[in-house]
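Below you'll find the structure, written out as structure tokens, and then a few comments.
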Amino acid sequence: MRETAEEVDLKVEAVRSLGERVHPQTGRHMSYVACEVVGGEARVADEEELAEVAWIRLDEIPDYVPWGLFGPVQEYLDETLNAGE
């Protein structure tokens, strides 16, 4: 939640923990948390960390993350974003 506020100027609240792993490309320990936006407007707030911010559709994820998302994150997005269909 802190990272989201610092990097994209959004206030978010945790909805559900999605898991943890050592990232296969960076070797860093990662914690994945689904969040809900509760305030702010997305923008690049930390230019050292981000080049741009974009809201994308579920089917556009491979254009941004060609190696795929962490399984539990992809499952959550599929479940949540396809719920209205």
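Labels for the structure tokens follow display order: chains A, B, ..., residues from 1 in each chain, ligands from 1.
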**Item:** Within 8 Å of stretch 58-72 of chain A using only C-alpha atoms, minus same-chain residues under 4 positions, as number ranges by chain
**Value:** A: 18-19, 76-78, 81
**Request:** Using only C-alpha atoms, determine which residues lie at most 9 Å from A:Val15, disregarding the query and same-chain residues fewer than 5 positions distant; provide the list as a PyMOL selection string.
**Result:** chain A and resi 33-36
Write out as a short mmCIF file (atom, residue, chain, number, x, y, z; two decimals) with C-alpha atoms, in the first residue's frame the residues lying within 8 Å of A:Glu20, counting only C-alpha atoms and excluding same-chain residues fewer than 4 positions away.
data_model
loop_
_atom_site.label_atom_id
_atom_site.label_comp_id
_atom_site.auth_asym_id
_atom_site.auth_seq_id
_atom_site.Cartn_x
_atom_site.Cartn_y
_atom_site.Cartn_z
CA HIS A 29 11.33 -11.79 -2.16
CA MET A 30 7.91 -10.60 -3.36
CA SER A 31 4.55 -10.40 -1.55
CA TYR A 32 1.48 -10.07 -3.76
#
**Request:** May I ask for the distance between atom CA of A:Glu79 and atom CA of A:Pro24, given in Å to one decimal place?
**Result:** 24.3 Å
**Prompt:** Using only C-alpha atoms, which residues sit within 12 Å of stretch 37-45 of chain A once same-chain residues fewer than 3 positions away are excluded, as a list in words?
**Reply:** Met1, Glu3, Thr4, Ala5, Glu6, Glu7, Val8, Asp9, Leu10, Lys11, Val12, Glu13, Ala14, Val15, Ala34, Glu48, Glu49, Leu50, Ala51, Glu52, Val53, Ala54 and Trp55 of chain A
Keeping C-alpha atoms for every residue in the selection just given, could you write it to a file as a CSV table (one decimal), in the first residue's frame?
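Wrote out-v7.csv, looks like this:
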chain,number,residue,atom,x,y,z
A,1,MET,CA,0.0,0.0,0.0
A,3,GLU,CA,4.6,1.6,-2.5
A,4,THR,CA,1.4,2.3,-4.4
A,5,ALA,CA,1.0,5.7,-2.7
A,6,GLU,CA,4.7,6.6,-3.3
A,7,GLU,CA,4.9,5.5,-6.9
A,8,VAL,CA,1.5,6.2,-8.4
A,9,ASP,CA,-0.2,8.5,-5.9
A,10,LEU,CA,-3.1,6.2,-5.2
A,11,LYS,CA,-4.5,5.3,-1.8
A,12,VAL,CA,-5.4,1.6,-1.7
A,13,GLU,CA,-6.7,-0.9,0.8
A,14,ALA,CA,-5.7,-4.5,0.9
A,15,VAL,CA,-8.4,-6.9,-0.2
A,34,ALA,CA,-4.9,-7.6,-4.2
A,48,GLU,CA,13.0,7.0,-10.7
A,49,GLU,CA,10.7,3.9,-10.4
A,50,LEU,CA,8.2,4.3,-13.2
A,51,ALA,CA,8.2,5.6,-16.8
A,52,GLU,CA,4.4,5.6,-17.1
A,53,VAL,CA,1.1,4.4,-15.7
A,54,ALA,CA,-1.6,2.7,-17.8
A,55,TRP,CA,-5.0,1.2,-17.1
**Request:** Pull the alpha helix (DSSP H) assignments for chain A out of DSSP run on the backbone, and list those residues as a ChimeraX atom specification.
**Result:** /A:2-8,61-64,71-81
**Asked** Please, which residues of chain A, numbered as in this document, come out strand (DSSP E or B) from DSSP, as a ChimeraX atom specification?
**Response** /A:10-22,29-40
